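K.L.:
Below you will find the structure I want to go over with you.
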Amino acid sequence: MQDIAKNLNEVKDRIASASRRSGRRPEDITLVAVTKTVDIPRIQEALAAGVTDIGENYIQESIDKWLAIGTGVKWHFIGHLQRNKAKNAVEIFDLIQSVDNLPLVEEIGKRATAAGKTQDILIEVNVSEEAAKFGAHVSEALDMVSQVSEIEGIRVLGLMGMAPFLDNPEDTRPYFAKLKEIWDRLPTEQRWYLSMGMTQDFEIAIEEGSNMIRIGTAIFGPRQL
Ligand SMILES: *Cc1c(COP(=O)(O)O)cnc(C)c1O
């Protein structure tokens, strides 16, 4: 069994070192604990150990967990969102990080407006430019942010991205630098979150300017599928 509290402390120490190396304060980096496939008791253990933000990939799984865990924690959606699940996503999530096309944003905006909510989102950018990955194309990301900013019920708070899986995590650096470069060109009011970095590469992501990391395996152990 994984010792979740111990794992969490180790991750926090590594965040602190990486942020100091890059001249920032550890408290400026938001840690999102990624709980896909993690059962409710283990999530509650993480919450008791100090986790404040959780990230989920699948709507159905999120509904069950949300009913059990409730709103005492910040909910992040980080999976691929189908338009017909936008209504559920708006009900549950504080921040929908994985938004990459205009029709989806329009649907989210419509659902949020109907619910009397302003939905915070990030635009996902496909910095690795792999065809199989989701995300707005690098060359279209800034345009998408400005188009999306016009839509009622939506507030864009930054960008999210993923480096490709590479044997040497050090090789992910240029991808994170690329996303930071795009983020730096956003209007100030949209430059809240730069969500990049996972278990295998979060220290490099922080060194390259990330202020929100999404960590599953390093906290909960390998996922059983
Ligand atoms: C699963 C997932 C993570 C967490 O991955 P780990 O390698 O387990 O830390 C982060 N971001 C996204 C988008 C994911 O799907």
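Chain identifiers are assigned as A, B, and so on, following the order in which chains appear in the structure tokens; residues are numbered from 1 within each chain, and ligands are numbered from 1 in order of appearance.
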When the cut-off is 6 Å and you count only C-alpha atoms and all ligand atoms, which residues lie near ligand 1, shown as a PyMOL selection string?
P.N.:
chain A and resi 34+78-79+198-199+214-217
K.L.:
Residues of the last selection are to be written out with C-alpha atoms, as a PDB file, in the first residue's frame.
P.N.:
ATOM      1  CA  VAL A  34      -4.825  13.600 -10.067  1.00  0.00           C
ATOM      2  CA  ILE A  78      -8.281  17.449 -17.063  1.00  0.00           C
ATOM      3  CA  GLY A  79      -9.656  14.795 -19.433  1.00  0.00           C
ATOM      4  CA  MET A 198       3.160  15.596 -14.297  1.00  0.00           C
ATOM      5  CA  THR A 199       4.906  12.942 -12.205  1.00  0.00           C
ATOM      6  CA  ARG A 214      -0.965  17.780 -12.026  1.00  0.00           C
ATOM      7  CA  ILE A 215       0.391  14.799 -10.100  1.00  0.00           C
ATOM      8  CA  GLY A 216      -1.120  11.329  -9.867  1.00  0.00           C
ATOM      9  CA  THR A 217       1.437   8.522  -9.717  1.00  0.00           C
TER      10      THR A 217
END
K.L.:
Excluding region 6-10 of chain A and its own-chain neighbours fewer than 2 positions away, which residues fall within 8 Å of it when counting only C-alpha atoms? Please give them as a list in words.
P.N.:
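Counting only C-alpha atoms, the residues come to Gln2, Asp3, Ile4, Lys12, Asp13, Arg14, Ala46, Ala49, Ala218, Ile219 and Phe220 of chain A.
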K.L.:
Can you list, as a ChimeraX atom specification, every protein, DNA or RNA residue that comes within 9 Å of Thr118 (chain A) when you count only C-alpha atoms, leaving out same-chain residues fewer than 2 positions away?
P.N.:
/A:109,112-113,115-116,120,152-155
K.L.:
Go through A:Lys65, A:Glu150, A:Gln200, A:Ile92 and flag the residue nearest Asp167 (chain A), using only C-alpha atoms for the distances.
P.N.:
A:Gln200
K.L.:
If we count only C-alpha atoms and set the cut-off at 9 Å, which residues sit around region 128-130 of chain A, ignoring sequence neighbours fewer than 2 positions away in its own chain? Please answer as a list in words.
P.N.:
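Near region 128-130 of chain A, the qualifying residues are Val125, Asn126, Ala132, Lys133, Phe134, Gly135, His137, Val138, Gly161, Met162, Ala163, Pro164 and Tyr175 of chain A.
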K.L.:
Using C-alpha atoms, can you export the residues from the last selection as a PDB file, in the first residue's frame?
P.N.:
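As a result, out_6.pdb now contains:
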ATOM      1  CA  VAL A 125      -2.465  23.524 -26.216  1.00  0.00           C
ATOM      2  CA  ASN A 126      -0.955  20.603 -28.107  1.00  0.00           C
ATOM      3  CA  ALA A 132      -2.912  11.677 -31.374  1.00  0.00           C
ATOM      4  CA  LYS A 133      -2.949  14.321 -28.651  1.00  0.00           C
ATOM      5  CA  PHE A 134      -5.739  16.751 -27.882  1.00  0.00           C
ATOM      6  CA  GLY A 135      -5.269  20.496 -27.645  1.00  0.00           C
ATOM      7  CA  HIS A 137      -2.594  23.895 -32.335  1.00  0.00           C
ATOM      8  CA  VAL A 138       0.308  26.067 -31.168  1.00  0.00           C
ATOM      9  CA  GLY A 161      -0.315  21.455 -21.829  1.00  0.00           C
ATOM     10  CA  MET A 162       1.549  18.188 -21.749  1.00  0.00           C
ATOM     11  CA  ALA A 163       5.032  17.293 -22.888  1.00  0.00           C
ATOM     12  CA  PRO A 164       5.455  14.064 -24.845  1.00  0.00           C
ATOM     13  CA  TYR A 175       7.975  21.887 -24.909  1.00  0.00           C
TER      14      TYR A 175
END
K.L.:
Could you find all residues in region 8-213 of chain A that DSSP calls strand (DSSP E or B) from the backbone, and write them as a PyMOL selection string?
P.N.:
chain A and resi 30-34+53-56+74-77+95-99+119-125+136+154-161+193-195+212-213
K.L.:
Would you put the residues from that selection into a file with N, CA and C atoms, as a short mmCIF file (atom, residue, chain, number, x, y, z; two decimals), in the first residue's frame?
P.N.:
data_model
loop_
_atom_site.label_atom_id
_atom_site.label_comp_id
_atom_site.auth_asym_id
_atom_site.auth_seq_id
_atom_site.Cartn_x
_atom_site.Cartn_y
_atom_site.Cartn_z
N THR A 30 0.45 25.70 -7.56
CA THR A 30 -0.73 24.93 -7.13
C THR A 30 -0.53 23.46 -7.50
N LEU A 31 -0.70 22.60 -6.50
CA LEU A 31 -0.60 21.16 -6.73
C LEU A 31 -2.00 20.58 -6.90
N VAL A 32 -2.25 20.02 -8.08
CA VAL A 32 -3.51 19.32 -8.33
C VAL A 32 -3.20 17.82 -8.22
N ALA A 33 -3.83 17.16 -7.26
CA ALA A 33 -3.66 15.71 -7.12
C ALA A 33 -4.60 15.01 -8.10
N VAL A 34 -4.01 14.24 -9.02
CA VAL A 34 -4.83 13.60 -10.07
C VAL A 34 -5.36 12.27 -9.55
N ASP A 53 -6.73 20.44 -4.04
CA ASP A 53 -7.20 20.45 -5.42
C ASP A 53 -7.11 19.04 -5.98
N ILE A 54 -8.19 18.58 -6.62
CA ILE A 54 -8.11 17.27 -7.26
C ILE A 54 -8.48 17.36 -8.74
N GLY A 55 -7.85 16.49 -9.53
CA GLY A 55 -8.06 16.49 -10.97
C GLY A 55 -8.64 15.16 -11.43
N GLU A 56 -9.71 15.24 -12.23
CA GLU A 56 -10.36 14.02 -12.73
C GLU A 56 -10.43 14.05 -14.26
N LYS A 74 -11.21 21.86 -4.36
CA LYS A 74 -11.34 22.45 -5.70
C LYS A 74 -11.26 21.35 -6.75
N TRP A 75 -12.23 21.31 -7.65
CA TRP A 75 -12.31 20.25 -8.67
C TRP A 75 -11.80 20.75 -10.02
N HIS A 76 -10.87 19.98 -10.60
CA HIS A 76 -10.30 20.32 -11.91
C HIS A 76 -10.65 19.21 -12.89
N PHE A 77 -11.15 19.58 -14.05
CA PHE A 77 -11.34 18.57 -15.09
C PHE A 77 -10.15 18.63 -16.04
N LEU A 95 -12.57 24.39 -12.30
CA LEU A 95 -11.72 24.77 -13.42
C LEU A 95 -11.69 23.62 -14.43
N ILE A 96 -12.13 23.91 -15.65
CA ILE A 96 -12.05 22.91 -16.72
C ILE A 96 -10.80 23.25 -17.53
N GLN A 97 -9.79 22.38 -17.40
CA GLN A 97 -8.46 22.71 -17.93
C GLN A 97 -8.26 22.30 -19.38
N SER A 98 -9.08 21.35 -19.84
CA SER A 98 -8.77 20.67 -21.10
C SER A 98 -9.73 21.09 -22.20
N VAL A 99 -9.80 22.38 -22.46
CA VAL A 99 -10.74 22.90 -23.46
C VAL A 99 -9.94 23.26 -24.71
N GLN A 119 -17.97 30.01 -15.72
CA GLN A 119 -17.11 28.83 -15.70
C GLN A 119 -15.67 29.21 -16.02
N ASP A 120 -14.77 28.92 -15.09
CA ASP A 120 -13.35 29.14 -15.33
C ASP A 120 -12.80 27.99 -16.18
N ILE A 121 -12.03 28.35 -17.19
CA ILE A 121 -11.43 27.32 -18.05
C ILE A 121 -9.96 27.67 -18.36
N LEU A 122 -9.23 26.67 -18.79
CA LEU A 122 -7.92 26.89 -19.42
C LEU A 122 -8.04 26.38 -20.85
N ILE A 123 -7.25 26.91 -21.73
CA ILE A 123 -7.17 26.37 -23.08
C ILE A 123 -6.01 25.37 -23.13
N GLU A 124 -6.33 24.16 -23.58
CA GLU A 124 -5.28 23.14 -23.72
C GLU A 124 -4.57 23.33 -25.06
N VAL A 125 -3.27 23.34 -25.01
CA VAL A 125 -2.46 23.52 -26.22
C VAL A 125 -1.66 22.26 -26.48
N ALA A 136 -5.41 22.64 -28.68
CA ALA A 136 -5.37 23.59 -29.79
C ALA A 136 -3.97 23.59 -30.39
N ILE A 154 -18.08 32.41 -19.63
CA ILE A 154 -16.74 31.81 -19.64
C ILE A 154 -15.71 32.80 -19.13
N ARG A 155 -14.78 32.33 -18.34
CA ARG A 155 -13.61 33.14 -17.99
C ARG A 155 -12.36 32.30 -18.25
N VAL A 156 -11.49 32.79 -19.12
CA VAL A 156 -10.26 32.05 -19.45
C VAL A 156 -9.16 32.49 -18.49
N LEU A 157 -8.58 31.52 -17.79
CA LEU A 157 -7.58 31.86 -16.77
C LEU A 157 -6.18 31.37 -17.12
N GLY A 158 -5.97 30.90 -18.36
CA GLY A 158 -4.62 30.49 -18.71
C GLY A 158 -4.58 29.31 -19.64
N LEU A 159 -3.46 28.59 -19.60
CA LEU A 159 -3.20 27.51 -20.55
C LEU A 159 -2.81 26.21 -19.83
N MET A 160 -3.08 25.11 -20.50
CA MET A 160 -2.67 23.79 -20.00
C MET A 160 -1.97 23.05 -21.13
N GLY A 161 -0.98 22.25 -20.80
CA GLY A 161 -0.32 21.45 -21.83
C GLY A 161 0.45 20.29 -21.24
N TYR A 193 -3.05 30.95 -14.69
CA TYR A 193 -2.52 29.60 -14.52
C TYR A 193 -1.80 29.12 -15.78
N LEU A 194 -0.63 28.56 -15.53
CA LEU A 194 0.09 27.84 -16.57
C LEU A 194 0.23 26.42 -16.04
N SER A 195 -0.69 25.55 -16.50
CA SER A 195 -0.79 24.20 -15.94
C SER A 195 0.05 23.25 -16.76
N MET A 212 1.13 25.50 -11.96
CA MET A 212 0.12 24.51 -11.58
C MET A 212 0.57 23.17 -12.12
N ILE A 213 0.77 22.19 -11.22
CA ILE A 213 1.20 20.88 -11.68
C ILE A 213 0.13 19.84 -11.35
#
K.L.:
Write out as a PyMOL selection string the set of residues from region 23-192 of chain A that DSSP, computed on the backbone, places in helix (DSSP H, G or I).
P.N.:
chain A and resi 26-28+40-48+59-69+83-92+102-114+138-148+169-184+188-190
K.L.:
For Val38 (chain A), find every residue with an atom within 9 Å (counting only C-alpha atoms), except residues of its own chain fewer than 5 positions away, and show them as a list of chain:residue names.
P.N.:
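Skipping anything fewer than 5 positions along the chain leaves A:Ile43, A:Phe220, A:Arg223, A:Gln224.
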K.L.:
Using only C-alpha atoms, which protein or nucleic acid residues come within 9 Å of Ala89 (chain A)? Drop anything in the same chain fewer than 5 positions from it, and give the result as a short mmCIF file (atom, residue, chain, number, x, y, z; two decimals) with N, CA, C and O atoms, in the first residue's frame.
P.N.:
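Output (part-v5.cif):
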data_model
loop_
_atom_site.label_atom_id
_atom_site.label_comp_id
_atom_site.auth_asym_id
_atom_site.auth_seq_id
_atom_site.Cartn_x
_atom_site.Cartn_y
_atom_site.Cartn_z
N ILE A 59 -16.08 12.00 -16.69
CA ILE A 59 -17.25 12.61 -16.07
C ILE A 59 -17.99 11.63 -15.16
O ILE A 59 -18.31 11.94 -14.02
N SER A 62 -16.32 11.11 -12.03
CA SER A 62 -16.33 12.34 -11.23
C SER A 62 -17.65 12.52 -10.49
O SER A 62 -17.66 12.98 -9.35
N PHE A 77 -11.15 19.58 -14.05
CA PHE A 77 -11.34 18.57 -15.09
C PHE A 77 -10.15 18.63 -16.04
O PHE A 77 -9.82 19.68 -16.59
N LEU A 81 -13.08 16.34 -22.91
CA LEU A 81 -14.50 16.61 -22.61
C LEU A 81 -15.34 16.56 -23.87
O LEU A 81 -15.11 17.29 -24.83
N ASP A 94 -14.62 23.37 -10.77
CA ASP A 94 -14.23 24.76 -10.57
C ASP A 94 -13.41 25.26 -11.76
O ASP A 94 -13.53 26.41 -12.15
N ILE A 96 -12.13 23.91 -15.65
CA ILE A 96 -12.05 22.91 -16.72
C ILE A 96 -10.80 23.25 -17.53
O ILE A 96 -10.72 24.27 -18.20
N ILE A 108 -20.19 25.00 -23.16
CA ILE A 108 -19.90 25.23 -21.74
C ILE A 108 -20.48 26.58 -21.31
O ILE A 108 -21.10 26.72 -20.26
#
K.L.:
Between A:Lys180, A:Lys87, A:Arg111, A:Arg42, which has the minimum distance to Glu207 (chain A) (counting only C-alpha atoms)?
P.N.:
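Going through A:Lys180, A:Lys87, A:Arg111, A:Arg42 one by one, the smallest distance to Glu207 (chain A) is for A:Lys180.
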